[in-house]
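Engineer: Pasting my_file_33.cif below, which is mmCIF, C-alpha atoms.
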data_target
loop_
_atom_site.label_atom_id
_atom_site.label_comp_id
_atom_site.auth_asym_id
_atom_site.auth_seq_id
_atom_site.Cartn_x
_atom_site.Cartn_y
_atom_site.Cartn_z
CA MET M 25 49.65 -10.64 23.29
CA LEU M 26 47.43 -11.65 20.36
CA ASP M 27 47.19 -15.03 18.70
CA LYS M 28 46.53 -15.38 14.97
CA ILE M 29 42.79 -15.05 15.48
CA GLY M 30 43.34 -11.90 17.52
CA ILE M 31 45.39 -10.39 14.70
CA ALA M 32 42.62 -11.24 12.23
CA LYS M 33 39.98 -9.73 14.54
CA ARG M 34 41.96 -6.49 14.88
CA ILE M 35 42.39 -6.24 11.10
CA SER M 36 38.66 -6.79 10.62
CA GLN M 37 38.15 -3.42 12.36
CA GLU M 38 39.81 -1.81 9.33
CA LEU M 39 37.03 -2.98 6.97
CA SER M 40 34.37 -0.66 5.62
CA ASP M 41 30.94 -1.43 4.22
CA GLY M 42 30.93 -1.99 0.47
CA TRP M 43 34.63 -2.65 0.15
CA TYR M 44 36.30 -5.21 -2.12
CA VAL M 45 39.16 -6.86 -0.25
CA ASN M 46 41.93 -9.28 -1.20
CA LEU M 47 43.22 -11.55 1.56
CA GLY M 48 46.51 -13.40 1.29
CA ILE M 49 47.25 -16.92 2.50
CA GLY M 50 47.65 -17.63 6.23
CA ILE M 51 46.54 -15.17 8.93
CA PRO M 52 44.94 -12.80 6.35
CA THR M 53 42.49 -15.52 5.28
CA LEU M 54 41.09 -15.57 8.83
CA VAL M 55 39.93 -11.94 8.52
CA ALA M 56 36.95 -13.14 6.44
CA ASN M 57 35.54 -14.82 9.56
CA TYR M 58 35.26 -11.55 11.51
CA VAL M 59 33.48 -9.10 9.22
CA PRO M 60 31.58 -6.75 11.58
CA GLU M 61 27.85 -7.37 11.91
CA GLY M 62 25.73 -5.54 9.34
CA MET M 63 28.66 -4.88 7.01
CA THR M 64 28.94 -6.22 3.46
CA VAL M 65 32.46 -6.87 2.25
CA GLU M 66 33.24 -8.74 -0.98
CA PHE M 67 36.37 -10.88 -0.91
CA GLN M 68 38.40 -11.24 -4.08
CA SER M 69 40.53 -14.29 -4.73
CA GLU M 70 43.07 -13.54 -7.44
CA ASN M 71 42.58 -16.87 -9.22
CA GLY M 72 39.24 -15.45 -10.34
CA ILE M 73 36.52 -14.95 -7.71
CA LEU M 74 34.63 -11.97 -6.37
CA GLY M 75 32.27 -12.78 -3.55
CA MET M 76 34.16 -15.73 -2.14
CA GLY M 77 32.10 -17.66 0.38
CA PRO M 78 32.84 -20.16 3.13
CA PHE M 79 34.26 -23.66 2.64
CA PRO M 80 31.66 -26.03 1.14
CA TYR M 81 29.79 -28.52 3.29
CA GLU M 82 31.41 -31.92 3.46
CA GLY M 83 30.55 -33.86 0.32
CA GLU M 84 29.80 -30.71 -1.69
CA GLU M 85 33.40 -29.74 -2.45
CA ASP M 86 34.10 -29.22 -6.15
CA ALA M 87 37.59 -29.30 -7.69
CA ASP M 88 36.53 -26.48 -10.04
CA TYR M 89 35.90 -24.05 -7.19
CA ILE M 90 39.06 -23.13 -5.30
CA ASN M 91 40.62 -19.99 -3.85
CA ALA M 92 44.15 -18.69 -4.43
CA GLY M 93 45.36 -20.92 -1.59
CA LYS M 94 44.03 -23.89 -3.61
CA GLN M 95 41.41 -24.58 -0.93
CA THR M 96 37.92 -25.68 -1.95
CA VAL M 97 35.50 -22.76 -1.47
CA THR M 98 32.01 -21.59 -2.40
CA ILE M 99 30.79 -18.44 -4.10
CA ASN M 100 28.23 -16.22 -2.41
CA PRO M 101 25.04 -15.08 -4.16
CA GLY M 102 26.03 -12.00 -6.16
CA GLY M 103 29.54 -13.31 -6.73
CA SER M 104 31.30 -13.61 -10.07
CA ILE M 105 34.06 -15.54 -11.82
CA PHE M 106 36.63 -14.26 -14.28
CA ASP M 107 39.96 -15.04 -15.88
CA SER M 108 43.39 -14.16 -14.45
CA ALA M 109 43.92 -11.08 -16.66
CA THR M 110 40.59 -9.60 -15.51
CA SER M 111 41.46 -10.45 -11.92
CA PHE M 112 44.68 -8.49 -12.07
CA ALA M 113 42.97 -5.63 -13.89
CA MET M 114 40.90 -5.33 -10.71
CA ILE M 115 44.07 -5.38 -8.63
CA ARG M 116 46.39 -3.14 -10.65
CA GLY M 117 43.51 -0.89 -11.65
CA LYS M 118 42.95 -0.02 -7.98
CA HIS M 119 39.41 -1.40 -7.86
CA ILE M 120 40.26 -3.25 -4.63
CA GLN M 121 40.01 -1.12 -1.49
CA MET M 122 42.13 -3.18 0.89
CA THR M 123 44.85 -5.83 0.62
CA VAL M 124 45.96 -7.93 3.58
CA LEU M 125 49.02 -10.12 3.25
CA GLY M 126 51.67 -11.85 5.30
CA ALA M 127 55.37 -11.00 5.29
CA MET M 128 58.75 -12.39 6.29
CA GLU M 129 60.15 -8.86 6.72
CA VAL M 130 58.89 -5.27 6.63
CA ALA M 131 61.25 -2.28 6.61
CA GLU M 132 60.69 1.08 8.29
CA ASN M 133 60.23 2.72 4.87
CA GLY M 134 57.39 0.33 3.94
CA ASP M 135 59.41 -2.17 1.89
CA ILE M 136 58.16 -5.74 2.16
CA ALA M 137 59.80 -9.14 1.55
CA ASN M 138 57.71 -12.28 1.46
CA TRP M 139 58.53 -14.49 -1.50
CA LYS M 140 62.03 -15.90 -1.44
CA ILE M 141 64.87 -16.99 0.83
CA PRO M 142 67.87 -17.30 -1.54
CA GLY M 143 69.25 -20.82 -1.73
CA LYS M 144 66.61 -22.18 0.64
CA MET M 145 63.00 -21.45 -0.11
CA VAL M 146 61.87 -20.43 -3.55
CA LYS M 147 58.13 -20.68 -3.94
CA GLY M 148 57.55 -17.59 -6.03
CA MET M 149 55.71 -14.33 -5.59
CA GLY M 150 52.35 -15.41 -6.96
CA GLY M 151 50.19 -12.30 -7.07
CA ALA M 152 51.93 -10.49 -4.22
CA MET M 153 54.06 -8.16 -6.36
CA ASP M 154 51.06 -7.00 -8.38
CA LEU M 155 49.05 -6.50 -5.19
CA VAL M 156 51.64 -4.46 -3.30
CA ALA M 157 52.60 -2.37 -6.33
CA SER M 158 49.02 -1.26 -6.89
CA SER M 159 46.98 -1.08 -3.72
CA ASP M 160 46.85 2.16 -1.74
CA ASN M 161 45.79 0.31 1.40
CA ILE M 162 48.16 -2.52 2.23
CA ILE M 163 48.01 -4.09 5.66
CA VAL M 164 50.56 -6.67 6.73
CA ALA M 165 49.42 -9.37 9.14
CA MET M 166 52.29 -11.20 10.80
CA MET M 167 54.05 -12.19 13.99
CA HIS M 168 56.32 -9.44 15.30
CA THR M 169 59.33 -11.78 15.45
CA ASN M 170 60.37 -14.90 13.53
CA LYS M 171 60.73 -18.43 14.90
CA ARG M 172 64.23 -17.61 16.16
CA GLY M 173 62.92 -14.59 18.04
CA GLN M 174 64.41 -12.05 15.62
CA SER M 175 62.48 -8.91 14.73
CA LYS M 176 60.60 -8.89 11.42
CA LEU M 177 60.28 -5.09 11.56
CA LEU M 178 63.64 -3.95 10.26
CA LYS M 179 65.62 -0.91 9.18
CA ARG M 180 66.12 -2.53 5.78
CA CYS M 181 64.84 -5.84 4.49
CA SER M 182 67.57 -8.46 4.15
CA LEU M 183 65.56 -10.76 1.86
CA PRO M 184 64.67 -10.10 -1.81
CA LEU M 185 61.94 -7.48 -1.94
CA THR M 186 58.35 -8.00 -3.02
CA GLY M 187 57.64 -4.28 -3.22
CA VAL M 188 59.12 -0.92 -2.25
CA SER M 189 57.63 1.71 0.09
CA CYS M 190 54.18 0.18 -0.15
CA VAL M 191 53.08 -1.09 3.28
CA LYS M 192 50.76 1.31 5.13
CA LYS M 193 49.93 -0.56 8.32
CA ILE M 194 51.18 -3.61 10.21
CA VAL M 195 49.18 -5.66 12.71
CA THR M 196 51.28 -8.09 14.73
CA ASN M 197 50.78 -10.18 17.86
CA LEU M 198 52.24 -7.24 19.81
CA ALA M 199 51.10 -4.02 18.16
CA VAL M 200 49.45 -1.96 15.47
CA LEU M 201 51.96 0.21 13.62
CA GLU M 202 51.81 2.57 10.66
CA ILE M 203 54.63 3.46 8.30
CA GLY M 204 55.46 7.14 8.85
CA GLU M 205 58.01 9.50 7.33
CA LYS M 206 60.67 8.40 9.80
CA GLY M 207 59.81 4.82 10.65
CA PHE M 208 57.28 2.56 12.38
CA VAL M 209 54.75 4.73 14.21
CA LEU M 210 53.35 2.81 17.17
CA LYS M 211 49.57 3.22 17.30
CA GLU M 212 48.25 0.50 19.62
CA ARG M 213 49.54 -2.14 22.02
CA ALA M 214 48.17 -5.68 22.16
CA PRO M 215 46.48 -6.56 25.46
CA GLY M 216 49.07 -7.02 28.20
CA VAL M 217 51.99 -5.84 26.06
CA SER M 218 54.08 -2.82 27.11
CA VAL M 219 55.73 -0.22 24.91
CA GLU M 220 59.07 -1.57 26.15
CA ASP M 221 58.14 -5.09 24.95
CA ILE M 222 57.35 -3.70 21.50
CA GLN M 223 60.53 -1.63 21.42
CA ALA M 224 62.59 -4.70 22.33
CA ALA M 225 61.03 -6.70 19.48
CA THR M 226 61.44 -3.98 16.83
CA GLU M 227 64.79 -3.59 15.06
CA GLY M 228 63.73 -0.67 12.86
CA LYS M 229 63.10 2.88 14.09
CA LEU M 230 60.07 2.89 16.39
CA ILE M 231 58.32 6.20 16.87
CA ILE M 232 56.36 6.57 20.10
CA GLU M 233 54.28 9.70 20.46
CA GLY M 234 52.15 10.25 23.58
CA ASP M 235 50.22 7.53 25.34
CA ILE M 236 49.83 4.36 23.29
CA PRO M 237 46.39 2.87 23.84
CA GLU M 238 45.67 -0.82 24.21
CA MET M 239 43.75 -2.47 21.34
CA LYS M 240 40.08 -3.12 21.82
CA ILE M 241 39.25 -6.63 20.68
CA ASP M 242 35.98 -8.49 21.28
CA MET L 11 34.44 -26.26 -39.93
CA ASN L 12 35.58 -29.12 -37.70
CA LYS L 13 38.53 -28.76 -35.30
CA ILE L 14 37.83 -31.97 -33.42
CA VAL L 15 40.68 -34.44 -33.13
CA ALA L 16 40.38 -37.98 -31.83
CA ASN L 17 42.25 -37.79 -28.55
CA ALA L 18 45.12 -36.25 -26.60
CA GLU L 19 47.72 -38.17 -28.58
CA ALA L 20 46.40 -36.74 -31.85
CA ALA L 21 46.04 -33.28 -30.33
CA ILE L 22 49.72 -32.99 -29.36
CA GLN L 23 51.03 -33.96 -32.81
CA GLY L 24 53.75 -31.53 -33.76
CA ILE L 25 54.95 -30.76 -30.24
CA GLN L 26 58.67 -31.38 -30.48
CA ASP L 27 61.81 -31.15 -28.35
CA ASP L 28 62.90 -27.60 -27.45
CA MET L 29 59.49 -26.03 -28.04
CA THR L 30 57.73 -23.51 -25.81
CA ILE L 31 54.30 -24.51 -24.57
CA MET L 32 51.74 -22.71 -22.43
CA LEU L 33 49.51 -24.71 -20.11
CA GLY L 34 46.41 -23.27 -18.46
CA GLY L 35 45.43 -23.88 -14.86
CA PHE L 36 45.83 -22.55 -11.35
CA GLY L 37 47.26 -25.10 -8.96
CA LEU L 38 45.65 -28.34 -10.16
CA CYS L 39 42.41 -26.57 -11.11
CA GLY L 40 41.72 -26.32 -14.83
CA ILE L 41 44.90 -28.03 -16.01
CA PRO L 42 44.95 -29.99 -19.31
CA GLU L 43 45.63 -33.30 -17.62
CA ASN L 44 44.97 -35.49 -20.67
CA CYS L 45 47.51 -33.62 -22.80
CA ILE L 46 50.06 -33.61 -19.98
CA ASN L 47 49.76 -37.40 -19.75
CA ALA L 48 50.14 -37.64 -23.54
CA LEU L 49 53.28 -35.46 -23.44
CA VAL L 50 54.77 -37.73 -20.78
CA ALA L 51 54.04 -40.76 -22.98
CA ALA L 52 55.44 -39.04 -26.10
CA GLY L 53 58.70 -38.30 -24.27
CA VAL L 54 59.33 -34.86 -25.79
CA LYS L 55 62.20 -33.13 -24.03
CA ASN L 56 63.80 -29.75 -23.34
CA LEU L 57 60.44 -28.05 -23.15
CA THR L 58 59.98 -24.49 -21.96
CA CYS L 59 56.69 -24.49 -20.06
CA ILE L 60 54.74 -21.35 -19.30
CA SER L 61 52.25 -22.12 -16.55
CA ASN L 62 51.22 -20.32 -13.37
CA ASN L 63 52.23 -23.32 -11.26
CA ALA L 64 54.21 -26.52 -11.72
CA GLY L 65 51.77 -29.13 -10.46
CA VAL L 66 52.54 -31.40 -7.53
CA ASP L 67 55.06 -34.23 -7.46
CA ASP L 68 52.77 -36.88 -8.92
CA PHE L 69 50.16 -34.89 -10.86
CA GLY L 70 49.99 -32.20 -13.50
CA LEU L 71 53.29 -30.70 -14.67
CA GLY L 72 55.02 -32.57 -11.86
CA LEU L 73 54.78 -35.66 -14.10
CA LEU L 74 56.82 -33.96 -16.84
CA LEU L 75 59.31 -32.76 -14.22
CA GLN L 76 59.75 -36.28 -12.85
CA LYS L 77 60.78 -37.42 -16.35
CA LYS L 78 63.06 -34.39 -16.76
CA GLN L 79 61.22 -33.30 -19.89
CA ILE L 80 61.19 -29.63 -18.87
CA ARG L 81 64.25 -27.45 -19.37
CA LYS L 82 62.74 -24.16 -18.27
CA MET L 83 59.65 -23.08 -16.34
CA ILE L 84 58.06 -19.64 -16.49
CA SER L 85 55.67 -19.42 -13.53
CA SER L 86 54.54 -17.22 -10.67
CA TYR L 87 54.28 -19.75 -7.84
CA VAL L 88 55.94 -23.15 -7.64
CA GLY L 89 55.52 -24.29 -4.03
CA GLU L 90 54.02 -27.68 -3.25
CA ASN L 91 56.43 -29.52 -5.53
CA ASP L 92 59.55 -31.05 -3.95
CA GLU L 93 61.03 -32.36 -7.20
CA PHE L 94 60.66 -28.91 -8.75
CA GLU L 95 62.45 -27.29 -5.82
CA ARG L 96 65.21 -29.87 -5.96
CA GLN L 97 65.79 -29.42 -9.72
CA MET L 98 65.72 -25.62 -9.37
CA LEU L 99 68.11 -25.39 -6.44
CA SER L 100 70.53 -27.84 -8.11
CA GLY L 101 70.47 -25.83 -11.33
CA GLU L 102 69.07 -28.65 -13.51
CA LEU L 103 65.95 -26.62 -14.20
CA GLU L 104 65.96 -23.02 -15.36
CA VAL L 105 63.20 -21.03 -13.69
CA ASP L 106 61.83 -17.60 -14.46
CA LEU L 107 59.50 -16.49 -11.67
CA ILE L 108 57.30 -13.56 -12.61
CA PRO L 109 54.41 -11.76 -10.91
CA GLN L 110 51.09 -13.48 -11.51
CA GLY L 111 49.36 -10.44 -12.98
CA SER L 112 52.31 -9.82 -15.29
CA LEU L 113 52.13 -13.45 -16.42
CA ALA L 114 48.43 -13.12 -17.26
CA SER L 115 48.90 -9.80 -19.03
CA ARG L 116 51.97 -11.00 -20.93
CA CYS L 117 49.99 -13.94 -22.33
CA GLN L 118 47.05 -11.71 -23.15
CA ALA L 119 49.37 -9.19 -24.82
CA GLY L 120 51.00 -11.98 -26.84
CA GLY L 121 47.64 -13.09 -28.12
CA ALA L 122 46.43 -9.57 -28.77
CA GLY L 123 49.35 -8.24 -30.79
CA VAL L 124 50.65 -5.94 -28.08
CA PRO L 125 54.43 -6.49 -27.96
CA ALA L 126 55.04 -4.98 -24.51
CA PHE L 127 53.46 -2.90 -21.76
CA TYR L 128 54.37 -1.07 -18.57
CA THR L 129 53.32 -2.34 -15.15
CA PRO L 130 54.06 -1.21 -11.59
CA ALA L 131 54.41 -4.83 -10.42
CA GLY L 132 57.98 -5.78 -9.57
CA TYR L 133 59.50 -2.30 -9.64
CA GLY L 134 62.44 -2.14 -7.21
CA THR L 135 62.68 -5.94 -7.00
CA GLU L 136 64.85 -8.49 -8.78
CA VAL L 137 62.03 -8.94 -11.30
CA ALA L 138 62.92 -5.48 -12.65
CA HIS L 139 66.58 -6.31 -13.39
CA GLY L 140 67.50 -5.27 -16.93
CA LYS L 141 64.04 -3.90 -17.67
CA GLU L 142 63.29 -0.37 -18.80
CA VAL L 143 61.77 1.86 -16.09
CA ARG L 144 59.43 4.68 -16.99
CA TYR L 145 57.38 7.03 -14.84
CA PHE L 146 53.68 7.61 -15.43
CA ASP L 147 51.84 10.02 -13.12
CA GLY L 148 54.99 10.17 -11.02
CA LYS L 149 55.02 6.43 -10.37
CA PRO L 150 57.69 4.00 -11.62
CA HIS L 151 56.72 1.17 -13.96
CA ILE L 152 58.72 -1.56 -15.69
CA LEU L 153 58.48 -2.69 -19.29
CA GLU L 154 57.26 -6.28 -19.65
CA SER L 155 57.24 -8.10 -22.99
CA ALA L 156 54.49 -10.25 -24.46
CA LEU L 157 54.61 -14.04 -24.25
CA THR L 158 53.60 -16.41 -27.02
CA ALA L 159 54.09 -20.16 -27.42
CA ASP L 160 54.49 -22.75 -30.14
CA PHE L 161 51.53 -24.52 -28.58
CA ALA L 162 49.05 -23.41 -25.92
CA ILE L 163 47.11 -26.16 -24.17
CA VAL L 164 43.95 -25.25 -22.30
CA LYS L 165 41.25 -27.12 -20.44
CA GLY L 166 37.58 -26.25 -20.89
CA TRP L 167 34.29 -27.56 -19.58
CA LYS L 168 32.30 -27.64 -22.81
CA GLY L 169 33.34 -26.93 -26.36
CA ASP L 170 32.14 -27.39 -29.94
CA ARG L 171 33.74 -28.26 -33.24
CA TYR L 172 34.21 -24.57 -34.03
CA GLY L 173 36.55 -24.37 -31.02
CA ASN L 174 34.24 -22.28 -28.86
CA ILE L 175 34.80 -22.98 -25.17
CA ILE L 176 33.19 -22.30 -21.85
CA TYR L 177 34.94 -22.95 -18.56
CA LYS L 178 33.49 -23.97 -15.22
CA GLY L 179 34.15 -22.09 -11.99
CA THR L 180 37.69 -21.09 -11.18
CA ALA L 181 38.99 -23.60 -13.72
CA ARG L 182 38.84 -20.60 -16.08
CA ASN L 183 41.92 -18.83 -14.58
CA PHE L 184 44.76 -18.60 -17.15
CA ASN L 185 43.03 -20.68 -19.82
CA PRO L 186 41.38 -17.84 -21.80
CA VAL L 187 44.53 -15.70 -22.05
CA MET L 188 46.74 -18.64 -22.93
CA ALA L 189 44.25 -19.83 -25.56
CA MET L 190 44.88 -16.49 -27.29
CA ALA L 191 48.67 -16.76 -27.19
CA GLY L 192 49.42 -20.11 -28.82
CA LYS L 193 50.53 -20.34 -32.45
CA ILE L 194 48.53 -23.54 -32.23
CA THR L 195 46.02 -23.82 -29.39
CA ILE L 196 44.79 -27.20 -28.22
CA ALA L 197 41.67 -27.38 -26.06
CA GLU L 198 40.73 -30.45 -24.08
CA VAL L 199 37.18 -30.31 -22.78
CA GLU L 200 34.99 -32.45 -20.58
CA GLU L 201 32.23 -32.50 -23.15
CA ILE L 202 31.98 -31.79 -26.88
CA VAL L 203 28.56 -30.35 -27.71
CA GLU L 204 26.80 -29.61 -30.98
CA PRO L 205 27.24 -26.16 -32.55
CA GLY L 206 24.50 -23.91 -31.20
CA GLU L 207 24.33 -25.59 -27.82
CA LEU L 208 26.71 -23.08 -26.34
CA ASP L 209 24.86 -19.76 -25.97
CA PRO L 210 27.04 -17.26 -27.91
CA ASN L 211 26.39 -14.75 -25.12
CA PHE L 212 28.29 -16.95 -22.71
CA VAL L 213 31.18 -18.27 -24.80
CA HIS L 214 34.40 -17.51 -22.89
CA THR L 215 36.94 -18.37 -25.58
CA PRO L 216 35.73 -17.69 -29.12
CA GLY L 217 36.64 -20.51 -31.52
CA ILE L 218 39.01 -18.35 -33.57
CA PHE L 219 41.69 -18.86 -30.90
CA VAL L 220 41.46 -22.66 -30.95
CA GLN L 221 42.91 -24.93 -33.65
CA ARG L 222 42.32 -28.38 -32.13
CA ILE L 223 39.70 -29.59 -29.69
CA PHE L 224 38.87 -32.96 -28.17
CA GLN L 225 36.91 -34.55 -25.37
CA GLY L 226 39.31 -35.78 -22.70
CA ALA L 227 39.17 -39.52 -22.05
CA ALA L 228 39.14 -39.03 -18.26
CA PHE L 229 39.54 -36.20 -15.80
CA GLU L 230 40.83 -36.92 -12.33
CA LYS L 231 40.40 -33.26 -11.25
CA ARG L 232 42.44 -33.74 -8.12
CA ILE L 233 41.80 -31.40 -5.19
CA GLU L 234 44.96 -29.93 -3.67
CA GLN L 235 43.50 -28.59 -0.39
CA ARG L 236 40.21 -30.17 0.58
CA THR L 237 38.63 -27.70 3.00
CA VAL L 238 35.06 -28.14 4.21
CA THR L 239 32.54 -26.73 6.64
CA PRO L 240 31.32 -29.52 8.93
CA LYS L 241 27.56 -30.20 8.71
CA SER L 242 26.10 -29.62 12.15
#
Just give me the structure as structure tokens.
Structural biologist:
Amino acid sequence: MLDKIGIAKRISQELSDGWYVNLGIGIPTLVANYVPEGMTVEFQSENGILGMGPFPYEGEEDADYINAGKQTVTINPGGSIFDSATSFAMIRGKHIQMTVLGAMEVAENGDIANWKIPGKMVKGMGGAMDLVASSDNIIVAMMHTNKRGQSKLLKRCSLPLTGVSCVKKIVTNLAVLEIGEKGFVLKERAPGVSVEDIQAATEGKLIIEGDIPEMKID
Amino acid sequence: MNKIVANAEAAIQGIQDDMTIMLGGFGLCGIPENCINALVAAGVKNLTCISNNAGVDDFGLGLLLQKKQIRKMISSYVGENDEFERQMLSGELEVDLIPQGSLASRCQAGGAGVPAFYTPAGYGTEVAHGKEVRYFDGKPHILESALTADFAIVKGWKGDRYGNIIYKGTARNFNPVMAMAGKITIAEVEEIVEPGELDPNFVHTPGIFVQRIFQGAAFEKRIEQRTVTPKS
């Protein structure tokens, strides 16, 4: 089974040299720490940064330089800053090659829900609806089950949707899955996890074709 | 031409109960904190506020929420504010949550004379309720309308008496598009400079969009999430 860092490491294998990538809050943010050696990837933060760098050294933090998670950050050489309309022109205009975000639920048809629990938690969608409606390469990073042990990979989302039929790939603590014509196509197992374990934790239709390899993670 | 006013109190003259105001900023970064404090002191009520976020409990728009001066919020993300969540769930506060890119584009459209536009964001979600759907290149889009405001309030780094503004870092965010969309736009800046000091090549908001400008008395510039790399 993977921990959050393991999930981030596995997603980092999806990166390609020269790509612009938007990372959501939580596990997705960790992906930036595992860019493969020799590869250049520019991270976009939708509040207005391309070329987001690491957190500043202690004492050098600046309230005017934050990421979309409101954390103090730096900007790498070659980076740029822009307003919110320009930022979402990059996103909706498909100039971003990969989007990684978290989810509360994903359905077997690629629907995603991650912004609202009616009557309980209403934080808002932020940029998530623009991101999922526009990107051709959406990867969800999340735990396979919620805190009560219930599957987050469902036949149909029960929570208000963020986007419809948009998720392409899901990396969880148990597996790598792709959205296929008929459901969740199991591609890889996390180390030490069996196909039966994954089946038991997946409420939606799980498609298992041939031998499912174990993930390779450094 | 001289758009400089004395202070925040003078800048907000004319903002009355029931008006719609836009406020720049992302989280607590680039918010017009001097004008927000002046609005709290002035006690105007029943405001509709268009702002990406709603501040935190004791800073930014959270201060107006504490005094129940806001009737309706139009935002994309409102976490990190317990009083906001309480007022929303109890029904005291009307809230319109909209996708962040749609918010930016709706302000920009309002300032640019574009009454509406189609976007893929929100199709198939509750954001699309009651909105026209149209297909372009086989893909569904929803019709979003422009936003304008009686007053837009933005925060800049440096500005001049012509109303030209430059922003610093990610404090730019929503400020340029909101500056365009106010019937009257107020800019509070950290420093007023002489005309000519701002290189015209690097002006972010041209002065035409700004009606009032002043140097803020103080900027707390609070950091919401202080994250650092240890020196080792």
Engineer: Can you translate the PyMOL selection byres ((chain M) within 7 of (chain L)) into the concrete residues it hits in this file, as a PyMOL selection string?
Structural biologist: chain M and resi 71-72+79-82+87-90+94-96+105-109+112+143+147-151+153-154+157-158+184-188
Engineer: Please evaluate the PyMOL selection byres ((chain L and resi 75-81) around 6) against the structure above and give the resulting residues as a ChimeraX atom specification.
Structural biologist: /L:55-58,72-74,82,103
Engineer: What is the distance, in Å and to one decimal place, between atom CA of Pro237 of chain M and atom CA of Cys181 of chain M?
Structural biologist: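 A separation of 28.1 Å between them.
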Engineer: For this structure, which residues satisfy the selection - the PyMOL selection byres ((chain M and resi 128) around 6) - when it is evaluated on the file as given? I want them as a list in words.
Structural biologist: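 Selected by the PyMOL selection byres ((chain M and resi 128) around 6) here: Ala127, Glu129, Ala137 and Asn138 of chain M.
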Engineer: For the residues in the current selection, export C-alpha atoms as a compact mmCIF listing (two decimals), keeping the file's coordinate frame.
Structural biologist:
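Contents of the output file part-v9.txt:
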# COMPACT_ATOMS: atom_id res chain seq x y z
CA ALA M 127 55.37 -11.00 5.29
CA GLU M 129 60.15 -8.86 6.72
CA ALA M 137 59.80 -9.14 1.55
CA ASN M 138 57.71 -12.28 1.46
Engineer: So which residues touch segment 59-61 of chain M within 8 Å, counting all atoms listed in the file, skipping near sequence neighbours fewer than 6 positions away, as a list in words?
Structural biologist: Ser36, Gln37 and Leu39 of chain M
Engineer: Mind pulling up the distance from atom CA of Thr30 of chain L to atom CA of Ser155 of chain L?
Structural biologist: 15.7 Å
Engineer: Compare L:Ile176, L:Met190, L:Val220, L:Ile163 by their minimum atom-to-atom distance to Gly120 of chain L, counting all atoms listed in the file, and give me the closest one.
Structural biologist: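 That would be L:Met190, the residue with the smallest distance to Gly120 of chain L.
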